[in-house]
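Below: the structure, in structure tokens.
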Amino acid sequence: MTRTWTPSPARTPAAPALLDGRALGGLAAGAALAAGVVLARRVAGVARGSHGTSLRLRALDTAAGVLQRKRPLEAVSTCLNGFHFYADDLGRQVEATHLCSHRRPGLHQCVIYDSDAPDARLIGVEYIVSEERFRSLPEEEKRLWHSHRHEVRSGTLVAPGVPQAAEHAHVEHLAGTYGKTFHTWQYDRDDEVPLGVPQLMMAFTGDGQLRPDLLRARDQRLGVSAERKRRQRADVAVGGPVPGADAWEHGTTPQLRVEEVPVRRPVRPSP
């Protein structure tokens, strides 16, 4: 008797198991927990920033902090810490925490605080342009700008909390850029509120200019080492500053002063 072989019916691959109720519940709980953490951090940050104000104002600040979008601040991508000095006074040196966003190719914009604490004072602004853009500026305008070459290579400009390789790539990009900085709050005078007119600030261009005590205190507080970063950035290659920047090095510099001027009023035609 001849025996015939009949193949077994092909097995259909099992369909991926759908998430059961327990898994879905876990995902929902995880998402809720993450959202709760973000919300709690936002509320805590607003509360710390509102320290010392009335209960009513703190409640209003907290509600606005939770409900409102702050899109320009959400675009901030980088926190940089460095030092500035008043353009006309090399002895007046201050630490500056920059929160920067990339406005367009060749242009960054930064808001500057005296620290990274929730209740930090907003002390100024800085605009950063590429070398190509800087070269295109009028000669008088260039005098308001400073180079970043020494800040980067000396290790004094840092990005706290960023891995060394990522920080290196970022500051290497900044080494050939130029900044225009105005401080609106002269907090080194311990003023309770911003007094006077904004002041043009500059950056250091060589060793021996920055006060060692300022650098040491910053490094200890942030847990960084400018000296170690200097060694790590020895490979950052950048040419000399473009003529026109760092005007203070030549003995004179622009600076803002108050001047009384006539008020212009629109001329309206007679009826």
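Lettering and numbering for the structure tokens are positional, with chains as A, B, ... in the shown order, residues counted from 1 in each chain, and ligands counted from 1 in the shown order.
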
Residues of region 174-271 of chain A within 10 Å of region 159-170 of chain A: nearest atom pair and distance (Å, one decimal) for each, counting only C-alpha atoms, sorted by chain and number, as a tab-separated table?
```
residue	atom	partner	partner_atom	distance
A:Leu174	CA	A:His170	CA	6.6
A:Ala175	CA	A:His170	CA	9.0
A:Leu222	CA	A:Pro160	CA	6.9
A:Gly223	CA	A:Pro160	CA	8.5
A:Val224	CA	A:Pro160	CA	7.8
A:Lys229	CA	A:Gln164	CA	8.8
A:Gln232	CA	A:His168	CA	8.1
A:Arg233	CA	A:His168	CA	7.1
A:Asp235	CA	A:His168	CA	10.0
A:Val236	CA	A:His168	CA	8.7
```

Excluding same-chain residues fewer than 6 positions from region 78-89 of chain A, what lies within 8 Å of it counting only C-alpha atoms, as a JSON list (two decimals) with all heavy atoms, in the first residue's frame?
```json
[["chain", "number", "residue", "atom", "x", "y", "z"],
["A", 95, "GLU", "N", 30.22, 87.83, 37.16],
["A", 95, "GLU", "CA", 29.85, 86.54, 36.59],
["A", 95, "GLU", "C", 28.52, 86.68, 35.85],
["A", 95, "GLU", "O", 27.66, 87.46, 36.27],
["A", 95, "GLU", "CB", 29.73, 85.49, 37.69],
["A", 95, "GLU", "CG", 29.43, 84.08, 37.19],
["A", 95, "GLU", "CD", 29.33, 83.08, 38.33],
["A", 95, "GLU", "OE1", 29.87, 83.36, 39.42],
["A", 95, "GLU", "OE2", 28.69, 82.03, 38.13],
["A", 96, "ALA", "N", 28.34, 85.94, 34.78],
["A", 96, "ALA", "CA", 27.13, 86.07, 33.97],
["A", 96, "ALA", "C", 26.67, 84.69, 33.50],
["A", 96, "ALA", "O", 27.44, 83.93, 32.92],
["A", 96, "ALA", "CB", 27.39, 86.96, 32.76],
["A", 97, "THR", "N", 25.40, 84.39, 33.77],
["A", 97, "THR", "CA", 24.78, 83.15, 33.31],
["A", 97, "THR", "C", 23.90, 83.47, 32.11],
["A", 97, "THR", "O", 22.94, 84.24, 32.22],
["A", 97, "THR", "CB", 23.94, 82.50, 34.42],
["A", 97, "THR", "OG1", 24.81, 82.12, 35.49],
["A", 97, "THR", "CG2", 23.21, 81.27, 33.91],
["A", 98, "HIS", "N", 24.24, 82.90, 30.95],
["A", 98, "HIS", "CA", 23.54, 83.18, 29.70],
["A", 98, "HIS", "C", 22.56, 82.05, 29.38],
["A", 98, "HIS", "O", 22.94, 80.88, 29.39],
["A", 98, "HIS", "CB", 24.52, 83.27, 28.53],
["A", 98, "HIS", "CG", 25.66, 84.22, 28.72],
["A", 98, "HIS", "ND1", 26.59, 84.08, 29.73],
["A", 98, "HIS", "CD2", 26.04, 85.30, 28.00],
["A", 98, "HIS", "CE1", 27.49, 85.05, 29.63],
["A", 98, "HIS", "NE2", 27.18, 85.80, 28.59],
["A", 99, "LEU", "N", 21.33, 82.40, 29.06],
["A", 99, "LEU", "CA", 20.35, 81.44, 28.53],
["A", 99, "LEU", "C", 20.11, 81.83, 27.08],
["A", 99, "LEU", "O", 19.52, 82.89, 26.81],
["A", 99, "LEU", "CB", 19.06, 81.48, 29.34],
["A", 99, "LEU", "CG", 19.19, 81.16, 30.84],
["A", 99, "LEU", "CD1", 17.82, 81.18, 31.51],
["A", 99, "LEU", "CD2", 19.88, 79.82, 31.06],
["A", 100, "CYS", "N", 20.56, 80.99, 26.16],
["A", 100, "CYS", "CA", 20.65, 81.39, 24.75],
["A", 100, "CYS", "C", 19.76, 80.54, 23.85],
["A", 100, "CYS", "O", 19.57, 79.35, 24.08],
["A", 100, "CYS", "CB", 22.09, 81.27, 24.26],
["A", 100, "CYS", "SG", 23.28, 82.24, 25.24],
["A", 101, "SER", "N", 19.25, 81.18, 22.81],
["A", 101, "SER", "CA", 18.52, 80.49, 21.75],
["A", 101, "SER", "C", 19.14, 80.86, 20.41],
["A", 101, "SER", "O", 19.76, 81.91, 20.27],
["A", 101, "SER", "CB", 17.03, 80.87, 21.78],
["A", 101, "SER", "OG", 16.86, 82.27, 21.63],
["A", 151, "GLU", "N", 37.86, 83.51, 25.77],
["A", 151, "GLU", "CA", 36.92, 82.88, 26.70],
["A", 151, "GLU", "C", 36.85, 81.38, 26.49],
["A", 151, "GLU", "O", 36.79, 80.60, 27.45],
["A", 151, "GLU", "CB", 35.52, 83.48, 26.52],
["A", 151, "GLU", "CG", 35.30, 84.84, 27.13],
["A", 151, "GLU", "CD", 33.84, 85.21, 27.08],
["A", 151, "GLU", "OE1", 33.37, 85.63, 26.01],
["A", 151, "GLU", "OE2", 33.15, 85.08, 28.11],
["A", 156, "THR", "N", 37.27, 79.46, 30.55],
["A", 156, "THR", "CA", 36.43, 80.22, 31.48],
["A", 156, "THR", "C", 34.97, 80.26, 31.04],
["A", 156, "THR", "O", 34.09, 80.53, 31.86],
["A", 156, "THR", "CB", 36.95, 81.66, 31.63],
["A", 156, "THR", "OG1", 37.01, 82.29, 30.34],
["A", 156, "THR", "CG2", 38.35, 81.66, 32.25],
["A", 157, "LEU", "N", 34.69, 80.01, 29.77],
["A", 157, "LEU", "CA", 33.31, 79.90, 29.29],
["A", 157, "LEU", "C", 32.90, 78.44, 29.34],
["A", 157, "LEU", "O", 33.53, 77.59, 28.70],
["A", 157, "LEU", "CB", 33.19, 80.43, 27.86],
["A", 157, "LEU", "CG", 31.77, 80.44, 27.27],
["A", 157, "LEU", "CD1", 30.88, 81.43, 28.01],
["A", 157, "LEU", "CD2", 31.80, 80.75, 25.78],
["A", 158, "VAL", "N", 31.86, 78.13, 30.12],
["A", 158, "VAL", "CA", 31.47, 76.74, 30.32],
["A", 158, "VAL", "C", 29.98, 76.57, 30.10],
["A", 158, "VAL", "O", 29.20, 77.52, 30.18],
["A", 158, "VAL", "CB", 31.84, 76.25, 31.74],
["A", 158, "VAL", "CG1", 33.35, 76.34, 31.96],
["A", 158, "VAL", "CG2", 31.10, 77.04, 32.81],
["A", 159, "ALA", "N", 29.59, 75.31, 29.82],
["A", 159, "ALA", "CA", 28.18, 74.93, 29.71],
["A", 159, "ALA", "C", 27.90, 73.92, 30.81],
["A", 159, "ALA", "O", 28.08, 72.72, 30.61],
["A", 159, "ALA", "CB", 27.89, 74.34, 28.33],
["A", 160, "PRO", "N", 27.49, 74.36, 31.99],
["A", 160, "PRO", "CA", 27.34, 73.46, 33.14],
["A", 160, "PRO", "C", 26.39, 72.31, 32.86],
["A", 160, "PRO", "O", 25.32, 72.49, 32.27],
["A", 160, "PRO", "CB", 26.78, 74.38, 34.24],
["A", 160, "PRO", "CG", 27.14, 75.77, 33.81],
["A", 160, "PRO", "CD", 27.12, 75.75, 32.32],
["A", 199, "GLN", "N", 24.75, 99.40, 30.56],
["A", 199, "GLN", "CA", 26.19, 99.56, 30.39],
["A", 199, "GLN", "C", 26.73, 98.55, 29.38],
["A", 199, "GLN", "O", 26.38, 97.37, 29.43],
["A", 199, "GLN", "CB", 26.91, 99.38, 31.73],
["A", 199, "GLN", "CG", 26.59, 100.46, 32.75],
["A", 199, "GLN", "CD", 27.18, 101.81, 32.36],
["A", 199, "GLN", "OE1", 28.37, 102.04, 32.51],
["A", 199, "GLN", "NE2", 26.33, 102.70, 31.87],
["A", 200, "LEU", "N", 27.58, 99.04, 28.49],
["A", 200, "LEU", "CA", 28.25, 98.16, 27.54],
["A", 200, "LEU", "C", 29.28, 97.31, 28.28],
["A", 200, "LEU", "O", 30.05, 97.82, 29.10],
["A", 200, "LEU", "CB", 28.94, 98.98, 26.45],
["A", 200, "LEU", "CG", 29.71, 98.18, 25.39],
["A", 200, "LEU", "CD1", 28.76, 97.36, 24.53],
["A", 200, "LEU", "CD2", 30.54, 99.12, 24.52],
["A", 201, "MET", "N", 29.27, 96.01, 28.00],
["A", 201, "MET", "CA", 30.19, 95.09, 28.66],
["A", 201, "MET", "C", 31.13, 94.48, 27.63],
["A", 201, "MET", "O", 30.83, 94.43, 26.44],
["A", 201, "MET", "CB", 29.41, 93.97, 29.37],
["A", 201, "MET", "CG", 28.30, 94.45, 30.29],
["A", 201, "MET", "SD", 28.86, 95.46, 31.68],
["A", 201, "MET", "CE", 29.60, 94.18, 32.72],
["A", 202, "MET", "N", 32.26, 94.00, 28.11],
["A", 202, "MET", "CA", 33.25, 93.36, 27.25],
["A", 202, "MET", "C", 33.68, 92.03, 27.85],
["A", 202, "MET", "O", 33.32, 91.69, 28.98],
["A", 202, "MET", "CB", 34.46, 94.27, 27.06],
["A", 202, "MET", "CG", 34.19, 95.50, 26.19],
["A", 202, "MET", "SD", 34.02, 95.04, 24.45],
["A", 202, "MET", "CE", 33.36, 96.57, 23.76],
["A", 203, "ALA", "N", 34.45, 91.27, 27.07],
["A", 203, "ALA", "CA", 34.97, 89.97, 27.51],
["A", 203, "ALA", "C", 36.49, 90.02, 27.53],
["A", 203, "ALA", "O", 37.11, 90.83, 26.82],
["A", 203, "ALA", "CB", 34.48, 88.86, 26.59],
["A", 204, "PHE", "N", 37.09, 89.15, 28.31],
["A", 204, "PHE", "CA", 38.54, 89.14, 28.47],
["A", 204, "PHE", "C", 39.22, 88.58, 27.22],
["A", 204, "PHE", "O", 38.68, 87.70, 26.54],
["A", 204, "PHE", "CB", 38.91, 88.33, 29.70],
["A", 204, "PHE", "CG", 38.29, 88.87, 30.96],
["A", 204, "PHE", "CD1", 37.19, 88.25, 31.53],
["A", 204, "PHE", "CD2", 38.78, 90.02, 31.55],
["A", 204, "PHE", "CE1", 36.60, 88.76, 32.67],
["A", 204, "PHE", "CE2", 38.21, 90.55, 32.69],
["A", 204, "PHE", "CZ", 37.10, 89.92, 33.26],
["A", 248, "TRP", "N", 38.20, 98.33, 23.68],
["A", 248, "TRP", "CA", 38.80, 98.76, 24.94],
["A", 248, "TRP", "C", 40.31, 98.55, 24.97],
["A", 248, "TRP", "O", 41.02, 99.26, 25.69],
["A", 248, "TRP", "CB", 38.15, 98.02, 26.11],
["A", 248, "TRP", "CG", 38.45, 96.54, 26.11],
["A", 248, "TRP", "CD1", 37.78, 95.56, 25.46],
["A", 248, "TRP", "CD2", 39.52, 95.89, 26.80],
["A", 248, "TRP", "NE1", 38.36, 94.33, 25.68],
["A", 248, "TRP", "CE2", 39.43, 94.51, 26.51],
["A", 248, "TRP", "CE3", 40.55, 96.33, 27.64],
["A", 248, "TRP", "CZ2", 40.32, 93.57, 27.03],
["A", 248, "TRP", "CZ3", 41.44, 95.40, 28.15],
["A", 248, "TRP", "CH2", 41.32, 94.04, 27.85],
["A", 252, "THR", "N", 40.45, 103.48, 24.62],
["A", 252, "THR", "CA", 39.16, 104.17, 24.70],
["A", 252, "THR", "C", 38.08, 103.20, 24.26],
["A", 252, "THR", "O", 38.34, 102.24, 23.53],
["A", 252, "THR", "CB", 39.12, 105.42, 23.80],
["A", 252, "THR", "OG1", 39.32, 105.03, 22.43],
["A", 252, "THR", "CG2", 40.19, 106.42, 24.21],
["A", 253, "THR", "N", 36.85, 103.48, 24.69],
["A", 253, "THR", "CA", 35.76, 102.57, 24.38],
["A", 253, "THR", "C", 34.44, 103.32, 24.37],
["A", 253, "THR", "O", 34.30, 104.34, 25.08],
["A", 253, "THR", "CB", 35.69, 101.44, 25.42],
["A", 253, "THR", "OG1", 34.63, 100.53, 25.08],
["A", 253, "THR", "CG2", 35.41, 101.99, 26.80],
["A", 254, "PRO", "N", 33.45, 102.86, 23.62],
["A", 254, "PRO", "CA", 32.11, 103.44, 23.74],
["A", 254, "PRO", "C", 31.51, 103.06, 25.10],
["A", 254, "PRO", "O", 31.82, 102.01, 25.66],
["A", 254, "PRO", "CB", 31.33, 102.78, 22.60],
["A", 254, "PRO", "CG", 32.35, 102.17, 21.70],
["A", 254, "PRO", "CD", 33.52, 101.84, 22.56],
["A", 255, "GLN", "N", 30.67, 103.92, 25.64],
["A", 255, "GLN", "CA", 29.91, 103.61, 26.85],
["A", 255, "GLN", "C", 28.68, 104.51, 26.88],
["A", 255, "GLN", "O", 28.70, 105.62, 26.32],
["A", 255, "GLN", "CB", 30.75, 103.81, 28.11],
["A", 255, "GLN", "CG", 30.11, 103.30, 29.39],
["A", 255, "GLN", "CD", 29.69, 101.84, 29.31],
["A", 255, "GLN", "OE1", 28.65, 101.53, 28.74],
["A", 255, "GLN", "NE2", 30.50, 100.96, 29.89]]
```

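Atom pair CA of Asp188 (chain A) / CA of Asp219 (chain A) has a distance of 18.9 Å (rounded to one decimal).
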
Find the distance between CA of Gln109 (chain A) and CA of Tyr127 (chain A) and write it in Å to one decimal.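 Interatomic distance, CA of Gln109 (chain A) to CA of Tyr127 (chain A): 4.7 Å.
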
How would you write, as a ChimeraX atom specification, the set of residues in region 62-235 of chain A that DSSP gives as strand (DSSP E or B)? /A:78-86,89-104,107-113,122-129,146-147,158,178-183,199-202

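Near Leu107 (chain A), within 12 Å and counting only C-alpha atoms, sit Cys100, Ser101, His102, Arg103, Glu126, Tyr127, Ile128, Val129, Ser130, Glu131, Glu132, Arg133, Phe134, Leu174, Thr177, Tyr178, Gly179 and Lys180 of chain A, not including residues fewer than 4 positions from it in the same chain.
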
Using N, CA and C atoms, can you export the residues from the last selection as an mmCIF file, in the first residue's frame?
```cif
data_model
loop_
_atom_site.group_PDB
_atom_site.id
_atom_site.type_symbol
_atom_site.label_atom_id
_atom_site.label_comp_id
_atom_site.auth_asym_id
_atom_site.auth_seq_id
_atom_site.Cartn_x
_atom_site.Cartn_y
_atom_site.Cartn_z
ATOM 1 N N CYS A 100 20.562 80.993 26.158
ATOM 2 C CA CYS A 100 20.651 81.389 24.749
ATOM 3 C C CYS A 100 19.761 80.543 23.849
ATOM 4 N N SER A 101 19.252 81.183 22.810
ATOM 5 C CA SER A 101 18.516 80.491 21.755
ATOM 6 C C SER A 101 19.137 80.858 20.414
ATOM 7 N N HIS A 102 18.947 79.971 19.444
ATOM 8 C CA HIS A 102 19.512 80.168 18.108
ATOM 9 C C HIS A 102 18.447 80.856 17.258
ATOM 10 N N ARG A 103 18.624 82.150 17.022
ATOM 11 C CA ARG A 103 17.599 82.939 16.329
ATOM 12 C C ARG A 103 17.533 82.585 14.849
ATOM 13 N N GLU A 126 22.695 89.600 25.544
ATOM 14 C CA GLU A 126 23.840 89.505 24.638
ATOM 15 C C GLU A 126 23.377 88.943 23.305
ATOM 16 N N TYR A 127 23.884 89.544 22.232
ATOM 17 C CA TYR A 127 23.658 89.043 20.884
ATOM 18 C C TYR A 127 24.983 88.503 20.369
ATOM 19 N N ILE A 128 24.944 87.348 19.737
ATOM 20 C CA ILE A 128 26.154 86.683 19.255
ATOM 21 C C ILE A 128 26.024 86.454 17.755
ATOM 22 N N VAL A 129 27.030 86.891 16.996
ATOM 23 C CA VAL A 129 26.996 86.731 15.546
ATOM 24 C C VAL A 129 28.238 85.986 15.077
ATOM 25 N N SER A 130 28.128 85.402 13.909
ATOM 26 C CA SER A 130 29.258 84.709 13.300
ATOM 27 C C SER A 130 30.299 85.722 12.830
ATOM 28 N N GLU A 131 31.497 85.231 12.551
ATOM 29 C CA GLU A 131 32.548 86.120 12.046
ATOM 30 C C GLU A 131 32.135 86.750 10.723
ATOM 31 N N GLU A 132 31.466 85.979 9.883
ATOM 32 C CA GLU A 132 31.030 86.512 8.592
ATOM 33 C C GLU A 132 30.100 87.705 8.776
ATOM 34 N N ARG A 133 29.138 87.576 9.688
ATOM 35 C CA ARG A 133 28.224 88.693 9.940
ATOM 36 C C ARG A 133 28.961 89.871 10.568
ATOM 37 N N PHE A 134 29.885 89.572 11.469
ATOM 38 C CA PHE A 134 30.613 90.655 12.125
ATOM 39 C C PHE A 134 31.419 91.465 11.109
ATOM 40 N N LEU A 174 31.564 78.523 19.086
ATOM 41 C CA LEU A 174 31.493 79.900 19.571
ATOM 42 C C LEU A 174 32.827 80.630 19.511
ATOM 43 N N THR A 177 33.062 83.533 17.146
ATOM 44 C CA THR A 177 31.927 84.453 17.099
ATOM 45 C C THR A 177 32.232 85.740 17.857
ATOM 46 N N TYR A 178 31.282 86.689 17.769
ATOM 47 C CA TYR A 178 31.433 87.997 18.411
ATOM 48 C C TYR A 178 30.138 88.339 19.141
ATOM 49 N N GLY A 179 30.272 89.002 20.296
ATOM 50 C CA GLY A 179 29.108 89.320 21.106
ATOM 51 C C GLY A 179 28.972 90.807 21.374
ATOM 52 N N LYS A 180 27.722 91.249 21.451
ATOM 53 C CA LYS A 180 27.409 92.615 21.897
ATOM 54 C C LYS A 180 26.544 92.490 23.141
#
```

Smallest atom-to-atom distance to Gly155 (chain A): which of A:Ala63, A:Val263, A:Leu215, A:Leu137, using only C-alpha atoms?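 Going through A:Ala63, A:Val263, A:Leu215, A:Leu137 one by one, the smallest distance to Gly155 (chain A) is for A:Leu215.
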
Could the residues of region 192-270 of chain A that have an atom at most 7 Å from region 141-145 of chain A be listed as a Markdown table, each with its closest atom pair and the distance in Å to one decimal, counting only C-alpha atoms and ordered by chain and ascending residue number?
```
| residue | atom | partner | partner_atom | distance |
| --- | --- | --- | --- | --- |
| A:Gly244 | CA | A:Lys142 | CA | 5.2 |
| A:Ala245 | CA | A:Trp145 | CA | 5.4 |
| A:Asp246 | CA | A:Trp145 | CA | 6.4 |
| A:Ala247 | CA | A:Arg143 | CA | 5.2 |
| A:Pro254 | CA | A:Leu144 | CA | 6.8 |
```

Compare A:Leu90, A:Ala120, A:Val258, A:Val111 by their minimum atom-to-atom distance to Ser77 (chain A), counting only C-alpha atoms, and give me the closest one. A:Val111
